[in-house]
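Visitor: Below is one structure. I have some questions about it.
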Amino acid sequence: MRMLNKADIRHIYQPMWNLDGWKVFGYEALMRISNRANTEIENVFIEARMKGQLFELDTIAIESAIRHFPLHILEEGLLFINFFPSTLMDERFLTFVMNLIDQYSIRSENIVFELNETIEEEHIWNLPEFKERMATLRDMGFKVALDDIGKGAATIQKIVEFSPDYIKLDRYFSENLSTSKEKQEMITLLIEYAKQKMGLILEGIETDVDLAYAKMIHVPVVQGYLLGRPQRMDEPSGLSMKALSF
């Protein structure tokens, strides 16, 4: 496969909802490849890593996520963008980010970088320089999130050591939440820990009853198909940060 360029990549966006007031909290940018409907995004990044082009692809994807999003609608909302730890460690990354700020007039406080966890990059989390790079990014005003909490074996340790601005609970916790006392109790414990420290977002909400239980146990923010499918932001229904009535 040839190296993808800007014209090959587009993004769709899925809303996250604040359950206190039913208002859009932010959007997660999800990468897609033009004219390749059946292409697995994960495989594209695996191939880029094998070819030594992961940084190039990751930064093209970050730029695309910002370029295709109408930043003016964010107001106080957030745009979540995925990237790899190795991208943060690359000496070119901070310059790349500063250029993005200039080019798109970004308000850094509206951008959350979600760190992808992979086996290939597990060693990076243990590097002292990684924590320093993360601190530098946050000093610039950006926020950092840990994704798929509950999926990775060492994730709890990372929450403690890196104290991210947001943690996103894996969809495992949403599935059959209404009938699983164990999941309800675990989420409640994480919510209690996160108070005053970091935001918590529950992914994968797909049924009314699971949404009701999420609200009942005071999950602050949720994301899932029930509340909004990923879509292009040039579609009229995608251009809103207003409250929703249920």
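Residue numbering restarts at 1 for every chain of the structure tokens, chains are lettered A, B, ... in their displayed order, and ligands are numbered from 1 as they appear.
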List the neighbours of Asp170 (chain A) out to 9 Å using only C-alpha atoms; skip same-chain residues closer than 5 positions along the sequence, and give me the result as a ChimeraX atom specification.
Guide: /A:147-151,202-204
Visitor: If we count only C-alpha atoms and set the cut-off at 10 Å, which residues sit around Phe96 (chain A), ignoring sequence neighbours fewer than 5 positions away in its own chain? Please answer as a PyMOL selection string.
Guide: chain A and resi 59+63+91+101
Visitor: Extract, using only C-alpha atoms, all DNA, RNA and protein residues at most 12 Å from Tyr104 (chain A), discarding same-chain residues fewer than 6 positions from it, and format them as an NGL selection string.
Guide: :A and (63-72 or 97-98)
Visitor: Find the residues around Phe25 (chain A) up to 6 Å (only C-alpha atoms counted), leave out those fewer than 6 positions away in its own chain, and share them as an mmCIF file with N, CA, C and O atoms, in the first residue's frame.
Guide:
```cif
data_model
loop_
_atom_site.group_PDB
_atom_site.id
_atom_site.type_symbol
_atom_site.label_atom_id
_atom_site.label_comp_id
_atom_site.auth_asym_id
_atom_site.auth_seq_id
_atom_site.Cartn_x
_atom_site.Cartn_y
_atom_site.Cartn_z
ATOM 1 N N MET A 16 -20.202 13.193 22.491
ATOM 2 C CA MET A 16 -20.243 12.722 23.874
ATOM 3 C C MET A 16 -21.221 13.635 24.610
ATOM 4 O O MET A 16 -21.232 14.841 24.374
ATOM 5 N N TRP A 17 -22.004 13.041 25.503
ATOM 6 C CA TRP A 17 -23.055 13.812 26.159
ATOM 7 C C TRP A 17 -22.836 13.893 27.656
ATOM 8 O O TRP A 17 -22.568 12.890 28.320
ATOM 9 N N ASN A 18 -22.954 15.108 28.178
ATOM 10 C CA ASN A 18 -22.939 15.334 29.612
ATOM 11 C C ASN A 18 -24.335 14.997 30.144
ATOM 12 O O ASN A 18 -25.317 15.613 29.732
ATOM 13 N N GLY A 77 -16.868 23.257 24.457
ATOM 14 C CA GLY A 77 -16.763 21.816 24.238
ATOM 15 C C GLY A 77 -15.354 21.399 23.854
ATOM 16 O O GLY A 77 -14.440 22.209 23.716
#
```
Visitor: Calculated over only C-alpha atoms, which of the candidates A:Leu211, A:Leu177, A:Ile159, A:Met89 has the smallest distance to His123 (chain A)?
Guide: A:Met89
Visitor: Just give me the gap between CA of Pro220 (chain A) and CA of Ile12 (chain A) in Å, one decimal is fine.
Guide: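 The value is 23.5 Å.
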Visitor: Considering only C-alpha atoms, can you say which of A:Ser34, A:Thr39, A:Ser86, A:Asn116 comes closest to Phe55 (chain A)?
Guide: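 Among the listed residues, A:Ser86 lies closest to Phe55 (chain A).
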Visitor: With only C-alpha atoms as the atoms that count, which of A:Ala135, A:Leu200, A:Ala214, A:Leu190 lies nearest to Ser174 (chain A)?
Guide: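 Among the listed residues, A:Ala214 lies closest to Ser174 (chain A).
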Visitor: Take CA of Ile201 (chain A) and CA of Gln223 (chain A) and report the distance between them in Å, one decimal.
Guide: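 Taking CA of Ile201 (chain A) and CA of Gln223 (chain A), their separation equals 7.2 Å.
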Visitor: Given the choices A:Pro85, A:Asn43, A:Ser163, A:Ile156, which gets closest to Glu129 (chain A) if the distance is worked out from only C-alpha atoms?
Guide: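 The shortest atom-to-atom distance to Glu129 (chain A) comes from A:Pro85.
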Visitor: Work out how far apart CA of Phe130 (chain A) and CA of Ile191 (chain A) are and give it in Å to one decimal.
Guide: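 Atom-to-atom, CA of Phe130 (chain A) to CA of Ile191 (chain A), that is 26.5 Å.
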Visitor: Out of region 14-149 of chain A, which residues get helix (DSSP H, G or I) from DSSP, as a PyMOL selection string?
Guide: chain A and resi 41-50+54-67+71-73+85-89+93-104+108-110+119-126+128-139
Visitor: Since we have the selection now, will you write its residues out, keeping C-alpha atoms, as a compact mmCIF listing (two decimals), in the first residue's frame?
Guide:
```txt
# COMPACT_ATOMS: atom_id res chain seq x y z
CA ILE A 41 -7.92 1.53 10.09
CA GLU A 42 -5.85 -0.48 12.55
CA ASN A 43 -4.21 -2.37 9.67
CA VAL A 44 -3.31 0.90 7.95
CA PHE A 45 -1.40 2.03 11.04
CA ILE A 46 0.24 -1.39 11.44
CA GLU A 47 1.56 -1.16 7.88
CA ALA A 48 2.75 2.40 8.43
CA ARG A 49 4.63 1.24 11.53
CA MET A 50 6.29 -1.58 9.58
CA LEU A 54 3.86 5.92 11.61
CA PHE A 55 4.70 9.49 12.64
CA GLU A 56 3.90 10.79 9.17
CA LEU A 57 0.54 9.00 9.04
CA ASP A 58 -0.39 9.91 12.60
CA THR A 59 0.29 13.61 12.09
CA ILE A 60 -1.62 13.62 8.77
CA ALA A 61 -4.54 12.09 10.68
CA ILE A 62 -4.32 14.69 13.48
CA GLU A 63 -4.26 17.54 10.97
CA SER A 64 -7.22 16.01 9.12
CA ALA A 65 -9.24 15.71 12.35
CA ILE A 66 -8.82 19.43 12.94
CA ARG A 67 -9.19 20.51 9.31
CA LEU A 71 -13.85 24.53 15.44
CA HIS A 72 -16.06 27.59 15.86
CA ILE A 73 -18.93 25.44 17.21
CA PRO A 85 2.85 7.64 22.32
CA SER A 86 5.67 7.36 19.75
CA THR A 87 4.25 10.40 17.97
CA LEU A 88 4.47 12.42 21.16
CA MET A 89 8.06 11.25 21.62
CA PHE A 93 5.83 16.67 17.22
CA LEU A 94 5.78 19.83 19.33
CA THR A 95 6.78 21.93 16.32
CA PHE A 96 4.01 20.23 14.36
CA VAL A 97 1.49 21.12 17.08
CA MET A 98 2.62 24.75 17.21
CA ASN A 99 2.19 24.98 13.43
CA LEU A 100 -1.36 23.62 13.79
CA ILE A 101 -2.16 26.31 16.35
CA ASP A 102 -0.99 29.00 13.94
CA GLN A 103 -2.62 27.53 10.83
CA TYR A 104 -6.06 26.82 12.30
CA SER A 108 -5.51 24.45 22.80
CA GLU A 109 -7.87 24.13 25.77
CA ASN A 110 -10.52 22.71 23.39
CA ILE A 119 1.92 -3.72 22.70
CA GLU A 120 4.59 -2.33 20.37
CA GLU A 121 4.75 0.92 22.33
CA GLU A 122 4.26 -0.34 25.87
CA HIS A 123 7.92 0.39 26.71
CA ILE A 124 7.48 4.09 25.92
CA TRP A 125 5.21 4.59 28.95
CA ASN A 126 8.14 3.71 31.22
CA PRO A 128 11.01 9.43 31.99
CA GLU A 129 11.05 11.53 28.81
CA PHE A 130 7.51 10.41 27.98
CA LYS A 131 6.07 11.92 31.13
CA GLU A 132 8.06 15.09 30.42
CA ARG A 133 6.66 15.33 26.88
CA MET A 134 3.15 14.83 28.20
CA ALA A 135 3.72 17.60 30.76
CA THR A 136 4.96 19.92 28.01
CA LEU A 137 1.86 19.23 25.91
CA ARG A 138 -0.36 20.04 28.88
CA ASP A 139 1.64 23.18 29.65
```
Visitor: With a distance cut-off of 9 Å and only C-alpha atoms, select the neighbouring residues of Tyr27 (chain A), excluding the residue or stretch itself and same-chain residues fewer than 4 positions from it, and output the selection as a list of chain:residue names.
Guide: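 The residues that qualify are A:Tyr13, A:Gln14, A:Pro15, A:Met16, A:Trp17, A:Gly77, A:Leu78, A:Leu79, A:Phe80, A:Ile81.
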Visitor: Please save all heavy atoms of the selected residues as a tab-separated table (two decimals), in the first residue's frame.
Guide:
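Saved as selection-v3.tsv:
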```
chain	number	residue	atom	x	y	z
A	13	TYR	N	-17.25	12.26	13.21
A	13	TYR	CA	-17.19	12.69	14.61
A	13	TYR	C	-18.39	12.16	15.39
A	13	TYR	O	-19.52	12.26	14.94
A	13	TYR	CB	-17.14	14.22	14.69
A	13	TYR	CG	-15.98	14.79	13.89
A	13	TYR	CD1	-16.12	15.03	12.52
A	13	TYR	CD2	-14.75	15.04	14.49
A	13	TYR	CE1	-15.06	15.52	11.78
A	13	TYR	CE2	-13.68	15.53	13.76
A	13	TYR	CZ	-13.84	15.77	12.40
A	13	TYR	OH	-12.79	16.24	11.66
A	14	GLN	N	-18.09	11.60	16.57
A	14	GLN	CA	-19.17	11.07	17.42
A	14	GLN	C	-19.30	11.94	18.67
A	14	GLN	O	-18.30	12.23	19.34
A	14	GLN	CB	-18.90	9.64	17.83
A	14	GLN	CG	-20.06	9.01	18.60
A	14	GLN	CD	-19.88	7.52	18.82
A	14	GLN	OE1	-18.76	7.03	18.96
A	14	GLN	NE2	-20.99	6.79	18.87
A	15	PRO	N	-20.53	12.37	18.98
A	15	PRO	CA	-20.71	13.24	20.15
A	15	PRO	C	-20.61	12.48	21.46
A	15	PRO	O	-20.88	11.28	21.54
A	15	PRO	CB	-22.12	13.80	19.94
A	15	PRO	CG	-22.83	12.72	19.18
A	15	PRO	CD	-21.80	12.13	18.26
A	16	MET	N	-20.20	13.19	22.49
A	16	MET	CA	-20.24	12.72	23.87
A	16	MET	C	-21.22	13.63	24.61
A	16	MET	O	-21.23	14.84	24.37
A	16	MET	CB	-18.86	12.82	24.52
A	16	MET	CG	-17.77	12.11	23.75
A	16	MET	SD	-16.15	12.51	24.45
A	16	MET	CE	-15.10	11.86	23.14
A	17	TRP	N	-22.00	13.04	25.50
A	17	TRP	CA	-23.06	13.81	26.16
A	17	TRP	C	-22.84	13.89	27.66
A	17	TRP	O	-22.57	12.89	28.32
A	17	TRP	CB	-24.42	13.17	25.89
A	17	TRP	CG	-24.87	13.38	24.48
A	17	TRP	CD1	-24.58	12.60	23.39
A	17	TRP	CD2	-25.69	14.44	23.99
A	17	TRP	NE1	-25.16	13.12	22.27
A	17	TRP	CE2	-25.85	14.24	22.60
A	17	TRP	CE3	-26.31	15.53	24.59
A	17	TRP	CZ2	-26.59	15.10	21.81
A	17	TRP	CZ3	-27.05	16.40	23.80
A	17	TRP	CH2	-27.19	16.18	22.42
A	77	GLY	N	-16.87	23.26	24.46
A	77	GLY	CA	-16.76	21.82	24.24
A	77	GLY	C	-15.35	21.40	23.85
A	77	GLY	O	-14.44	22.21	23.72
A	78	LEU	N	-15.19	20.09	23.65
A	78	LEU	CA	-13.87	19.51	23.41
A	78	LEU	C	-13.86	18.65	22.16
A	78	LEU	O	-14.86	18.04	21.81
A	78	LEU	CB	-13.45	18.65	24.61
A	78	LEU	CG	-13.37	19.37	25.97
A	78	LEU	CD1	-13.20	18.35	27.09
A	78	LEU	CD2	-12.22	20.36	25.99
A	79	LEU	N	-12.71	18.61	21.51
A	79	LEU	CA	-12.49	17.71	20.38
A	79	LEU	C	-11.42	16.71	20.80
A	79	LEU	O	-10.29	17.09	21.12
A	79	LEU	CB	-12.04	18.49	19.15
A	79	LEU	CG	-11.68	17.65	17.92
A	79	LEU	CD1	-12.88	16.85	17.44
A	79	LEU	CD2	-11.15	18.54	16.79
A	80	PHE	N	-11.78	15.43	20.81
A	80	PHE	CA	-10.86	14.36	21.20
A	80	PHE	C	-10.21	13.78	19.94
A	80	PHE	O	-10.91	13.38	19.00
A	80	PHE	CB	-11.61	13.25	21.93
A	80	PHE	CG	-12.00	13.61	23.35
A	80	PHE	CD1	-12.95	14.58	23.60
A	80	PHE	CD2	-11.41	12.96	24.42
A	80	PHE	CE1	-13.32	14.90	24.90
A	80	PHE	CE2	-11.78	13.27	25.74
A	80	PHE	CZ	-12.73	14.25	25.98
A	81	ILE	N	-8.87	13.72	19.94
A	81	ILE	CA	-8.12	13.24	18.78
A	81	ILE	C	-7.15	12.14	19.24
A	81	ILE	O	-6.36	12.34	20.17
A	81	ILE	CB	-7.32	14.38	18.13
A	81	ILE	CG1	-8.26	15.53	17.71
A	81	ILE	CG2	-6.52	13.87	16.93
A	81	ILE	CD1	-7.52	16.76	17.20
```
Visitor: Just asking: which residues within region 42-195 of chain A are strand (DSSP E) according to DSSP, as a list in words?
Guide: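 Reading the DSSP output for region 42-195 of chain A, strand (DSSP E) covers Leu78, Leu79, Phe80, Ile81, Asn82, Phe83, Ile111, Val112, Phe113, Glu114, Leu115, Lys143, Val144, Ala145, Leu146, Asp147, Asp148, Ile149, Tyr166, Ile167, Lys168 and Leu169 of chain A.
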